[in-house]
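Here the structure is laid out as structure tokens; the discussion comes afterwards.
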Number of protein chains: 2
Amino acid sequence: MGWGDLGVFGEPSKETPNLDQMASEGMLFLDFYTASPLCSPSRAALLTGRLPVRNGFYTTNAHARNAYTPQDIVGGIPDSELLLPELLKKAGYVNKIIGKWHLGHRPQFHPLKHGFDEWFGSPNCHFGPFDNRALPNIPVYRDWEMIGRYYEDFKIDQETGEANLTQIYLQEALDFISKQQASQQPFFLYWAIDATHAPVYASKRFLGTSQRGLYGDAVREIDDSVGKILKHLQKLCISENTFVFFTSDNGAALISAPKQGGSNGRFLCGKQTTFEGGMREPAIAWWPGHIPAGGVSHQLGSVMDLFTTSLSLAGLQPPCDRQIDGVDLLPAILQGKLIDRPIFYYRGNEMMAVRVGLYKAHYWTWSNSWEEYSKGVDFCPGQNVSGVTTHTQEEHTTLPLLFHLGRDPGEKYPLSFASGEYQRAMQRISFVVQQHKATLVPGEPQLNVCDKAVMNWSPPGCEKLGKCLTPPKSDPKKCFWPH
Amino acid sequence: MGWGDLGVFGEPSKETPNLDQMASEGMLFLDFYTASPLCSPSRAALLTGRLPVRNGFYTTNAHARNAYTPQDIVGGIPDSELLLPELLKKAGYVNKIIGKWHLGHRPQFHPLKHGFDEWFGSPNCHFGPFDNRALPNIPVYRDWEMIGRYYEDFKIDQETGEANLTQIYLQEALDFISKQQASQQPFFLYWAIDATHAPVYASKRFLGTSQRGLYGDAVREIDDSVGKILKHLQKLCISENTFVFFTSDNGAALISAPKQGGSNGRFLCGKQTTFEGGMREPAIAWWPGHIPAGGVSHQLGSVMDLFTTSLSLAGLQPPCDRQIDGVDLLPAILQGKLIDRPIFYYRGNEMMAVRVGLYKAHYWTWSNSWEEYSKGVDFCPGQNVSGVTTHTQEEHTTLPLLFHLGRDPGEKYPLSFASGEYQRAMQRISFVVQQHKATLVPGEPQLNVCDKAVMNWSPPGCEKLGKCLTPPKSDPKKCFWPH
């Protein structure tokens, strides 16, 4: 989902009454970011509180490339990384992930080996259907074992767009919450649903209900589900003990528009890019009785802050043996304070841009290659800002492109290099960047090697289902990351 | 102002708490339109309930041109047009206009000759300063006579952007409302402030307070003023007897960006164009105790509807001797009904586009000429939708470009001509267009002739102030309308 997909963020159809109400009862973050314009690195950053370049969720196969965890990825979340659920366990929390894990699908990367107690969902995206020969269909797990595969046991009708996955994920969430409430144990629920990712789907009740087509149907179903989860917490009388945060892992995929693409509002470009459309996210914090209703925050926030903030809520300290990029947002959320911190925009291990206050400096620009672009891959459809949305990798490290995101949230008008404003802003930004780079210790890159042999051929539990497939011979190669 | 300038419509700085609250207490219109992408014709349409092509506020000097009322315009609102205040008088209303009249500045066009009882403001835009030789500065009137001129007696500091005009207009509004409440007479207040038009200004208290720069300061001041007006109505205990509507006369002028340009959200292009960015407007209806709080309407609305709706509120019928384009919105506002009606997008006397339901068909496309564009006049900065944002006048009358504004509010993806959806939608639209054109009787065009002799050289009252200037010899010419 993108920033502009919610009514409260100006989607012209205004079809998200539950999320809009969540905002009116809680706090809306207008300047909240993900840690990468792509899914896997963002999710790794959320769960580790660390930039992908530190936690290993990046590639060095080529310069400034987005990488994720397709079926043939060899890497995954390193054991050396401490995940939020691992830490929360120390405070007695029961942790569940529902939906897309995306931090590696080989046995050593299994979420239950990284702090989660329960899992219902899949290790990869719901791409497909596959023929189980060249590529296996994606498995769906319950805890340690697969219980079926997408398109086989968990239907997704590509003709009609019908699939009841969000309903299944919703029911899992409600059941888990009920169980935890009954057992009086504190819990962490990571409700990481697949929707609205392409191929877009919605369940029958929502199909055709949106002005926005199938994508809008999916948004409505998510909105409805979030509303049901919040109401469930209230019904169980635990809403005042439960901190809820809604956000997304990257901007809307404009490449999927108009049929399956969402909205990043007036921000430039979308998913895959380090423009605002790729990384600024809808974000709402909700905690009745604690967060003042109807609050709006301009705190620069990041999905990595959810790591640190969650630890803080559980009375825990973040690990002190490593660099943590997330900050504790509670002062911003509960007392309306503004914490001064930068936002870094990475593509692979290249810091493409940085935001400090209202200024954003691009050290590198790249939409995607001419070669891709000429084939119709367009991450900025209908948008072309001369010298900004570039189809070659453009370096600006000596004289970054600078934007004032208050006056120019659409990143259309770079400030004049000769202006006093440019000089003053860049002085401050350069210092921040220098500090950041001086202390940066990149992790071992996990997204470099691909091998068809590691695909989901025979996940644990496949025997019981008769769904084991024979993997091809191992043939590790450099993964190809085109953008 | 543009659709996207309000927090409630997704402006990322969210700096319009009063307008946002007005929406939460009233009804938000998401699909509300002006009648022209330019000021004068829109305002003429609002006050007559009729399309500019009917009421004469258009030009035939060249094909599909936007025209308005600069100082040298010879025409103005014809006596044959019936204005809202003229009609409201019959129901005992006292009518005041505060701010920009813009329906002609020659004596016969004076607002007090067209139904208003009081006027504080100016006949033209606050362009300037002028040298009073080539061009006179724009006069400010109280009722029948000028009381000074912009930049002379009503300061606008172009260096700092400071001007207290909005404050003066606000005080005028509060005083008028108090007076009417005291005299127990029903009133119609047309609060037609100049801000946020370029040259943008704000009063000292608001300067530098916005994240968005001077334009944002001006928006904040308007927001604050609207809040004060609503509170004043409440304090006087007449809010439940007073219908208030907030909207704008055209989309934000992107040509003035980034320094003085506003936001049309994710809509295409801006002022001067018949894309959504040029004509979809922020719109809020407020009437405590009558309009359900927090309502959201997808009713296709138009500024012309304010004419018909106001008459309805006053218990009057619209004139039956002429075509009225405005519809009575009360069923939509009070009962949540949806009235089926088209929206026409005109440029001059050319119907450029039409919206029927969620479909919008462009019969002509034109952003502006190559000649202008190459000189830096850009009404769609950073936006270039191939075949849509054209720099030559492109005719599509036999095969209109069709967009689905629910799935594609940004007008980026024309539907395939071959699709069944295209065929079905165009069938319906063609019928609507045929009906419209068959009954259209254009008015006498008022915006064709310009003459420096008719400028504001010696407005009534100039003698008392020693501000009479000598007009040059009359030399009527065709006005030049470049876009």
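Scheme for the structure tokens: letters A, B, ... for chains in order shown; per-chain residue numbers from 1; ligand numbers from 1 in order shown.
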**OP:** Pull out every residue of chain A sitting within 7 Å of chain B, counting only C-alpha atoms, and send them as a list in words.
**Re:**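 Those within range of chain B come out as Val8, Phe9, Gly10, Pro12, Ser13, Leu30, Gln211, Arg212, Gly213, Pro258, Gly265, Arg266, Gly382, Gln383, Asn384, Val385, Gly406, Arg407, Asp408, Lys412 and Tyr413 of chain A.
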Grab the residues selected above and save them as a compact mmCIF listing (two decimals), in the first residue's frame with all heavy atoms.
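Written output follows (again_14.txt):
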# COMPACT_ATOMS: atom_id res chain seq x y z
N VAL A 8 -7.83 9.09 4.81
CA VAL A 8 -7.28 10.11 5.69
C VAL A 8 -6.04 10.76 5.09
O VAL A 8 -5.66 11.87 5.46
CB VAL A 8 -7.01 9.53 7.10
CG1 VAL A 8 -5.86 8.55 7.09
CG2 VAL A 8 -6.80 10.62 8.13
N PHE A 9 -5.42 10.10 4.13
CA PHE A 9 -4.28 10.69 3.41
C PHE A 9 -4.70 11.23 2.04
O PHE A 9 -3.86 11.49 1.19
CB PHE A 9 -3.15 9.67 3.25
CG PHE A 9 -2.41 9.34 4.52
CD1 PHE A 9 -2.60 8.13 5.16
CD2 PHE A 9 -1.54 10.26 5.08
CE1 PHE A 9 -1.92 7.83 6.34
CE2 PHE A 9 -0.86 9.97 6.26
CZ PHE A 9 -1.05 8.75 6.89
N GLY A 10 -6.01 11.37 1.82
CA GLY A 10 -6.47 12.06 0.62
C GLY A 10 -6.80 11.19 -0.57
O GLY A 10 -6.89 11.70 -1.68
N PRO A 12 -9.01 9.95 -3.20
CA PRO A 12 -10.25 10.63 -3.58
C PRO A 12 -11.53 9.79 -3.41
O PRO A 12 -12.62 10.36 -3.40
CB PRO A 12 -10.04 10.97 -5.06
CG PRO A 12 -8.57 10.87 -5.31
CD PRO A 12 -8.05 9.86 -4.32
N SER A 13 -11.41 8.47 -3.32
CA SER A 13 -12.62 7.67 -3.12
C SER A 13 -12.97 7.55 -1.64
O SER A 13 -14.08 7.18 -1.30
CB SER A 13 -12.45 6.27 -3.72
OG SER A 13 -12.20 6.36 -5.08
N LEU A 30 2.57 11.65 9.49
CA LEU A 30 2.60 12.13 8.12
C LEU A 30 3.96 11.97 7.48
O LEU A 30 4.09 12.06 6.26
CB LEU A 30 2.20 13.61 8.09
CG LEU A 30 0.77 13.88 8.51
CD1 LEU A 30 0.57 15.33 8.91
CD2 LEU A 30 -0.18 13.51 7.40
N GLN A 211 -14.73 1.87 -5.76
CA GLN A 211 -14.66 2.72 -6.95
C GLN A 211 -13.34 2.52 -7.67
O GLN A 211 -13.19 2.92 -8.82
CB GLN A 211 -14.75 4.20 -6.54
CG GLN A 211 -16.11 4.66 -6.10
CD GLN A 211 -16.21 6.18 -6.07
OE1 GLN A 211 -15.24 6.88 -6.27
NE2 GLN A 211 -17.41 6.68 -5.80
N ARG A 212 -12.38 1.96 -6.96
CA ARG A 212 -11.00 1.91 -7.46
C ARG A 212 -10.66 0.59 -8.13
O ARG A 212 -9.49 0.34 -8.42
CB ARG A 212 -10.03 2.15 -6.29
CG ARG A 212 -10.28 3.44 -5.54
CD ARG A 212 -9.32 3.58 -4.37
NE ARG A 212 -7.96 3.68 -4.83
CZ ARG A 212 -6.89 3.48 -4.07
NH1 ARG A 212 -7.06 3.12 -2.80
NH2 ARG A 212 -5.68 3.59 -4.55
N GLY A 213 -11.64 -0.27 -8.33
CA GLY A 213 -11.36 -1.55 -8.96
C GLY A 213 -10.83 -2.55 -7.94
O GLY A 213 -10.95 -2.35 -6.72
N PRO A 258 -2.75 0.74 -14.19
CA PRO A 258 -3.84 1.16 -13.32
C PRO A 258 -4.62 -0.01 -12.73
O PRO A 258 -5.37 0.19 -11.80
CB PRO A 258 -4.75 1.92 -14.30
CG PRO A 258 -4.56 1.21 -15.60
CD PRO A 258 -3.13 0.73 -15.61
N GLY A 265 -0.26 9.20 -3.29
CA GLY A 265 -0.69 10.59 -3.16
C GLY A 265 0.05 11.44 -4.16
O GLY A 265 0.21 11.07 -5.32
N ARG A 266 0.51 12.58 -3.72
CA ARG A 266 1.18 13.49 -4.65
C ARG A 266 2.69 13.27 -4.65
O ARG A 266 3.44 14.08 -5.20
CB ARG A 266 0.86 14.93 -4.30
CG ARG A 266 1.32 15.35 -2.93
CD ARG A 266 0.99 16.78 -2.64
NE ARG A 266 1.65 17.68 -3.56
CZ ARG A 266 1.87 18.97 -3.33
NH1 ARG A 266 1.47 19.51 -2.21
NH2 ARG A 266 2.48 19.72 -4.21
N GLY A 382 3.87 8.68 -15.98
CA GLY A 382 3.30 10.03 -16.12
C GLY A 382 4.08 11.11 -15.40
O GLY A 382 3.69 12.27 -15.41
N GLN A 383 5.17 10.69 -14.75
CA GLN A 383 5.96 11.67 -14.00
C GLN A 383 7.36 11.70 -14.59
O GLN A 383 8.02 10.67 -14.73
CB GLN A 383 6.04 11.27 -12.53
CG GLN A 383 4.70 11.26 -11.83
CD GLN A 383 4.83 10.80 -10.39
OE1 GLN A 383 5.51 9.83 -10.08
NE2 GLN A 383 4.15 11.50 -9.50
N ASN A 384 7.81 12.87 -14.92
CA ASN A 384 9.15 12.99 -15.45
C ASN A 384 9.70 14.33 -15.00
O ASN A 384 9.31 15.37 -15.53
CB ASN A 384 9.12 12.90 -16.98
CG ASN A 384 10.48 13.21 -17.57
OD1 ASN A 384 11.51 12.92 -16.96
ND2 ASN A 384 10.49 13.85 -18.73
N VAL A 385 10.54 14.30 -13.99
CA VAL A 385 11.12 15.53 -13.48
C VAL A 385 12.56 15.57 -13.99
O VAL A 385 13.39 14.75 -13.60
CB VAL A 385 11.05 15.61 -11.95
CG1 VAL A 385 11.57 16.94 -11.46
CG2 VAL A 385 9.62 15.39 -11.48
N GLY A 406 8.51 20.46 2.48
CA GLY A 406 7.32 21.19 2.90
C GLY A 406 6.74 21.96 1.72
O GLY A 406 5.57 21.81 1.39
N ARG A 407 7.58 22.75 1.08
CA ARG A 407 7.11 23.54 -0.08
C ARG A 407 6.93 22.67 -1.31
O ARG A 407 6.17 23.00 -2.21
CB ARG A 407 8.13 24.64 -0.39
CG ARG A 407 8.36 25.62 0.74
CD ARG A 407 9.11 26.85 0.26
NE ARG A 407 10.42 26.57 -0.29
CZ ARG A 407 11.57 26.62 0.37
NH1 ARG A 407 11.57 26.93 1.67
NH2 ARG A 407 12.71 26.37 -0.21
N ASP A 408 7.65 21.58 -1.37
CA ASP A 408 7.72 20.78 -2.60
C ASP A 408 7.74 19.29 -2.28
O ASP A 408 8.70 18.59 -2.55
CB ASP A 408 9.01 21.20 -3.34
CG ASP A 408 9.24 20.40 -4.60
OD1 ASP A 408 8.26 19.88 -5.18
OD2 ASP A 408 10.41 20.29 -5.02
N LYS A 412 9.91 18.14 -7.17
CA LYS A 412 9.91 18.62 -8.56
C LYS A 412 10.88 19.78 -8.77
O LYS A 412 11.28 20.05 -9.89
CB LYS A 412 8.50 19.10 -8.94
CG LYS A 412 7.51 17.99 -9.20
CD LYS A 412 6.21 18.55 -9.75
CE LYS A 412 5.31 17.47 -10.29
NZ LYS A 412 4.84 16.53 -9.27
N TYR A 413 11.23 20.47 -7.67
CA TYR A 413 11.99 21.71 -7.83
C TYR A 413 13.25 21.70 -6.96
O TYR A 413 13.22 22.14 -5.82
CB TYR A 413 11.10 22.90 -7.43
CG TYR A 413 9.80 22.96 -8.19
CD1 TYR A 413 8.64 22.40 -7.66
CD2 TYR A 413 9.75 23.53 -9.46
CE1 TYR A 413 7.44 22.44 -8.38
CE2 TYR A 413 8.56 23.57 -10.17
CZ TYR A 413 7.41 23.03 -9.63
OH TYR A 413 6.24 23.06 -10.33
Subject >> Polymer residues at most 7 Å from Gly251 of chain B, only C-alpha atoms, same-chain spacing of 5 or more positions, as a ChimeraX atom specification >> reply: /B:1-3,37,264,270-271,277-281
Applying 10 Å and only C-alpha atoms, which residues near Trp481 of chain B remain after dropping the ones on its own chain fewer than 3 positions away? List them as an mmCIF file with N, CA, C and O atoms, in the first residue's frame.
data_model
loop_
_atom_site.group_PDB
_atom_site.id
_atom_site.type_symbol
_atom_site.label_atom_id
_atom_site.label_comp_id
_atom_site.auth_asym_id
_atom_site.auth_seq_id
_atom_site.Cartn_x
_atom_site.Cartn_y
_atom_site.Cartn_z
ATOM 1 N N THR B 59 -14.674 33.680 -24.265
ATOM 2 C CA THR B 59 -14.193 34.397 -25.437
ATOM 3 C C THR B 59 -14.320 33.529 -26.681
ATOM 4 O O THR B 59 -14.248 32.296 -26.593
ATOM 5 N N THR B 60 -14.474 34.205 -27.818
ATOM 6 C CA THR B 60 -14.429 33.488 -29.091
ATOM 7 C C THR B 60 -13.268 34.012 -29.950
ATOM 8 O O THR B 60 -13.230 33.774 -31.147
ATOM 9 N N ASN B 61 -12.355 34.711 -29.310
ATOM 10 C CA ASN B 61 -11.229 35.278 -30.078
ATOM 11 C C ASN B 61 -10.343 34.207 -30.693
ATOM 12 O O ASN B 61 -9.692 34.446 -31.703
ATOM 13 N N ALA B 62 -10.262 33.088 -30.031
ATOM 14 C CA ALA B 62 -9.489 31.959 -30.573
ATOM 15 C C ALA B 62 -10.129 30.704 -30.006
ATOM 16 O O ALA B 62 -10.974 30.780 -29.105
ATOM 17 N N HIS B 63 -9.725 29.557 -30.519
ATOM 18 C CA HIS B 63 -10.404 28.330 -30.118
ATOM 19 C C HIS B 63 -9.993 27.868 -28.717
ATOM 20 O O HIS B 63 -8.806 27.779 -28.402
ATOM 21 N N ALA B 64 -10.975 27.591 -27.883
ATOM 22 C CA ALA B 64 -10.765 26.937 -26.591
ATOM 23 C C ALA B 64 -9.785 27.699 -25.702
ATOM 24 O O ALA B 64 -8.802 27.159 -25.217
ATOM 25 N N ARG B 65 -10.098 28.967 -25.469
ATOM 26 C CA ARG B 65 -9.201 29.791 -24.661
ATOM 27 C C ARG B 65 -9.832 30.154 -23.321
ATOM 28 O O ARG B 65 -11.034 30.406 -23.239
ATOM 29 N N ASN B 66 -9.003 30.197 -22.314
ATOM 30 C CA ASN B 66 -9.433 30.706 -21.023
ATOM 31 C C ASN B 66 -9.350 32.226 -21.053
ATOM 32 O O ASN B 66 -8.356 32.780 -21.518
ATOM 33 N N ALA B 67 -10.375 32.853 -20.536
ATOM 34 C CA ALA B 67 -10.377 34.313 -20.494
ATOM 35 C C ALA B 67 -10.916 34.769 -19.146
ATOM 36 O O ALA B 67 -11.672 34.043 -18.501
ATOM 37 N N TYR B 68 -10.509 35.961 -18.741
ATOM 38 C CA TYR B 68 -11.014 36.485 -17.468
ATOM 39 C C TYR B 68 -11.224 37.995 -17.605
ATOM 40 O O TYR B 68 -11.402 38.484 -18.720
ATOM 41 N N GLY B 348 -13.198 28.272 -22.836
ATOM 42 C CA GLY B 348 -13.912 29.148 -23.767
ATOM 43 C C GLY B 348 -15.268 28.555 -24.068
ATOM 44 O O GLY B 348 -15.995 28.140 -23.163
ATOM 45 N N LEU B 447 -15.896 38.451 -23.126
ATOM 46 C CA LEU B 447 -14.464 38.595 -22.856
ATOM 47 C C LEU B 447 -13.643 38.654 -24.143
ATOM 48 O O LEU B 447 -12.530 38.150 -24.220
ATOM 49 N N ASN B 448 -14.209 39.306 -25.150
ATOM 50 C CA ASN B 448 -13.522 39.400 -26.440
ATOM 51 C C ASN B 448 -12.761 40.709 -26.629
ATOM 52 O O ASN B 448 -11.736 40.732 -27.292
ATOM 53 N N LYS B 478 -9.176 43.229 -29.982
ATOM 54 C CA LYS B 478 -9.423 41.854 -29.546
ATOM 55 C C LYS B 478 -8.472 41.537 -28.392
ATOM 56 O O LYS B 478 -7.259 41.758 -28.510
#
Subject >> helix (DSSP H, G or I) positions in segment 45-78 of chain B, given as a list of chain:residue names >> reply: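 So the helix (DSSP H, G or I) residues in segment 45-78 of chain B would be B:Ala45, B:Leu46, B:Leu47, B:Thr48, B:Pro52, B:Val53, B:Arg54, B:Asn55.
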Save the residues we just selected, C-alpha atoms, as a short mmCIF file (atom, residue, chain, number, x, y, z; two decimals), in the first residue's frame?
data_model
loop_
_atom_site.label_atom_id
_atom_site.label_comp_id
_atom_site.auth_asym_id
_atom_site.auth_seq_id
_atom_site.Cartn_x
_atom_site.Cartn_y
_atom_site.Cartn_z
CA ALA B 45 -21.09 30.67 -12.96
CA LEU B 46 -21.39 30.52 -9.19
CA LEU B 47 -23.51 33.66 -9.02
CA THR B 48 -25.71 32.84 -12.05
CA PRO B 52 -19.89 30.56 -18.57
CA VAL B 53 -20.77 29.72 -22.16
CA ARG B 54 -24.35 30.65 -21.31
CA ASN B 55 -23.77 33.68 -19.09
#
Subject >> Contacts of Asn95 of chain A within 7 Å, only C-alpha atoms, excl. fewer than 2 positions in-chain, as a list in words >> reply: Pro85, Tyr93, Ile97, Phe116, Asp117, Glu118, Phe187, Phe188 and Leu189 of chain A
**OP:** Going by DSSP on the backbone, which bits of segment 153-332 of chain A are strand (DSSP E)? Write them as a ChimeraX atom specification, please.
**Re:** /A:187-192,244-247,280-286,295-297,301-302
Original post:
What does the distance from atom CA of Ser302 of chain A to atom CA of Cys320 of chain A come to in Å, to one decimal?
Top reply: 19.6 Å
Original post:
Do you know which residues are at most 7 Å from Ile193 of chain A counting only C-alpha atoms, after dropping those on the same chain fewer than 2 positions away, and could you put them as a PyMOL selection string?
Top reply: chain A and resi 98-100+166+169+191+195
Subject >> Top pick for closest residue to Asp143 of chain A, considering A:Ile77, A:Ile291, A:Leu112, A:Leu313 and counting only C-alpha atoms >> reply: A:Leu112
Original post:
With only C-alpha atoms as the atoms that count, which of A:Leu207, A:Val327, A:Ala285, A:Ile177 lies nearest to Lys96 of chain A?
Top reply: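 Residue with the minimum atom-to-atom distance to Lys96 of chain A: A:Ile177.
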Subject >> Shell of 9 Å around Leu230 of chain B, only C-alpha atoms, local chain residues under 6 positions omitted, as a list of chain:residue names >> reply: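 Neighbouring residues, sequence-local ones excluded: B:Met22, B:Ser239, B:Val244, B:Trp286.
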Write the selection just made, keeping all heavy atoms, as an mmCIF file, in the first residue's frame?
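Below is the file that was written, part-v2.cif:
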data_model
loop_
_atom_site.group_PDB
_atom_site.id
_atom_site.type_symbol
_atom_site.label_atom_id
_atom_site.label_comp_id
_atom_site.auth_asym_id
_atom_site.auth_seq_id
_atom_site.Cartn_x
_atom_site.Cartn_y
_atom_site.Cartn_z
ATOM 1 N N MET B 22 -14.161 21.743 10.181
ATOM 2 C CA MET B 22 -15.402 22.085 9.462
ATOM 3 C C MET B 22 -15.921 20.842 8.733
ATOM 4 O O MET B 22 -17.124 20.547 8.756
ATOM 5 C CB MET B 22 -15.116 23.211 8.463
ATOM 6 C CG MET B 22 -16.321 23.697 7.680
ATOM 7 S SD MET B 22 -15.844 25.008 6.482
ATOM 8 C CE MET B 22 -17.440 25.302 5.685
ATOM 9 N N SER B 239 -25.574 29.532 14.165
ATOM 10 C CA SER B 239 -24.949 28.515 13.314
ATOM 11 C C SER B 239 -25.988 27.523 12.791
ATOM 12 O O SER B 239 -25.866 27.036 11.675
ATOM 13 C CB SER B 239 -23.841 27.790 14.069
ATOM 14 O OG SER B 239 -24.360 27.101 15.182
ATOM 15 N N VAL B 244 -23.173 27.180 5.456
ATOM 16 C CA VAL B 244 -21.852 27.667 5.039
ATOM 17 C C VAL B 244 -21.253 26.672 4.063
ATOM 18 O O VAL B 244 -21.308 25.449 4.288
ATOM 19 C CB VAL B 244 -20.899 27.845 6.250
ATOM 20 C CG1 VAL B 244 -19.587 28.482 5.814
ATOM 21 C CG2 VAL B 244 -21.554 28.670 7.350
ATOM 22 N N TRP B 286 -21.390 23.000 5.694
ATOM 23 C CA TRP B 286 -21.446 23.050 7.167
ATOM 24 C C TRP B 286 -22.758 23.700 7.603
ATOM 25 O O TRP B 286 -23.109 24.777 7.137
ATOM 26 C CB TRP B 286 -20.240 23.860 7.638
ATOM 27 C CG TRP B 286 -19.980 23.936 9.112
ATOM 28 C CD1 TRP B 286 -19.233 23.065 9.858
ATOM 29 C CD2 TRP B 286 -20.382 24.990 10.015
ATOM 30 N NE1 TRP B 286 -19.150 23.507 11.170
ATOM 31 C CE2 TRP B 286 -19.846 24.685 11.293
ATOM 32 C CE3 TRP B 286 -21.133 26.145 9.871
ATOM 33 C CZ2 TRP B 286 -20.039 25.502 12.407
ATOM 34 C CZ3 TRP B 286 -21.332 26.961 10.984
ATOM 35 C CH2 TRP B 286 -20.793 26.627 12.238
#
**OP:** Check the smallest atom-to-atom distance from each of A:Arg322, A:His105, A:Arg133, A:Lys473 to Met146 of chain A using only C-alpha atoms, then report the winner.
**Re:** A:His105
**OP:** Quick one: pull the distance between atom CA of Pro282 of chain B and atom CA of Tyr190 of chain B, Å, one decimal.
**Re:**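 Straight-line distance from atom CA of Pro282 of chain B to atom CA of Tyr190 of chain B works out to 16.8 Å.
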**OP:** Could you tell me how far atom CA of Ile168 of chain A lies from atom CA of Ala202 of chain A, in Å and to one decimal?
**Re:**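 Going from atom CA of Ile168 of chain A over to atom CA of Ala202 of chain A, I get 11.4 Å.
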Can you tell me, as a JSON list (two decimals) with C-alpha atoms, in the first residue's frame, what residues are no more than 12 Å from Ile238 of chain A when counting only C-alpha atoms, ignoring any on the same chain fewer than 4 positions away?
[["chain", "number", "residue", "atom", "x", "y", "z"],
["A", 177, "ILE", "CA", -5.80, -12.38, 20.34],
["A", 178, "SER", "CA", -8.69, -14.22, 22.05],
["A", 180, "GLN", "CA", -3.80, -14.60, 24.52],
["A", 181, "GLN", "CA", -6.43, -12.59, 26.32],
["A", 182, "ALA", "CA", -7.80, -15.76, 27.87],
["A", 184, "GLN", "CA", -3.51, -13.43, 30.29],
["A", 185, "GLN", "CA", -0.18, -13.56, 28.49],
["A", 186, "PRO", "CA", 1.22, -10.49, 26.80],
["A", 187, "PHE", "CA", 1.54, -10.89, 23.07],
["A", 229, "ILE", "CA", -9.16, -6.37, 14.96],
["A", 230, "LEU", "CA", -9.48, -3.08, 16.83],
["A", 231, "LYS", "CA", -13.08, -3.82, 17.76],
["A", 232, "HIS", "CA", -12.01, -7.24, 18.96],
["A", 233, "LEU", "CA", -9.44, -5.70, 21.26],
["A", 234, "GLN", "CA", -12.11, -3.37, 22.60],
["A", 242, "THR", "CA", -2.56, -3.00, 23.47],
["A", 243, "PHE", "CA", -0.43, -0.79, 21.27],
["A", 244, "VAL", "CA", -1.37, -1.08, 17.60],
["A", 287, "TRP", "CA", -3.69, 2.95, 21.94],
["A", 288, "PRO", "CA", -6.90, 4.26, 23.51],
["A", 289, "GLY", "CA", -6.46, 5.92, 26.86]]
**OP:** Would you please work out which residue, of A:Ala353, A:Cys462, A:Val94, A:Ala44, is nearest to Ser430 of chain A when using only C-alpha atoms?
**Re:**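 Ranking A:Ala353, A:Cys462, A:Val94, A:Ala44 by distance to Ser430 of chain A, first place goes to A:Ala353.
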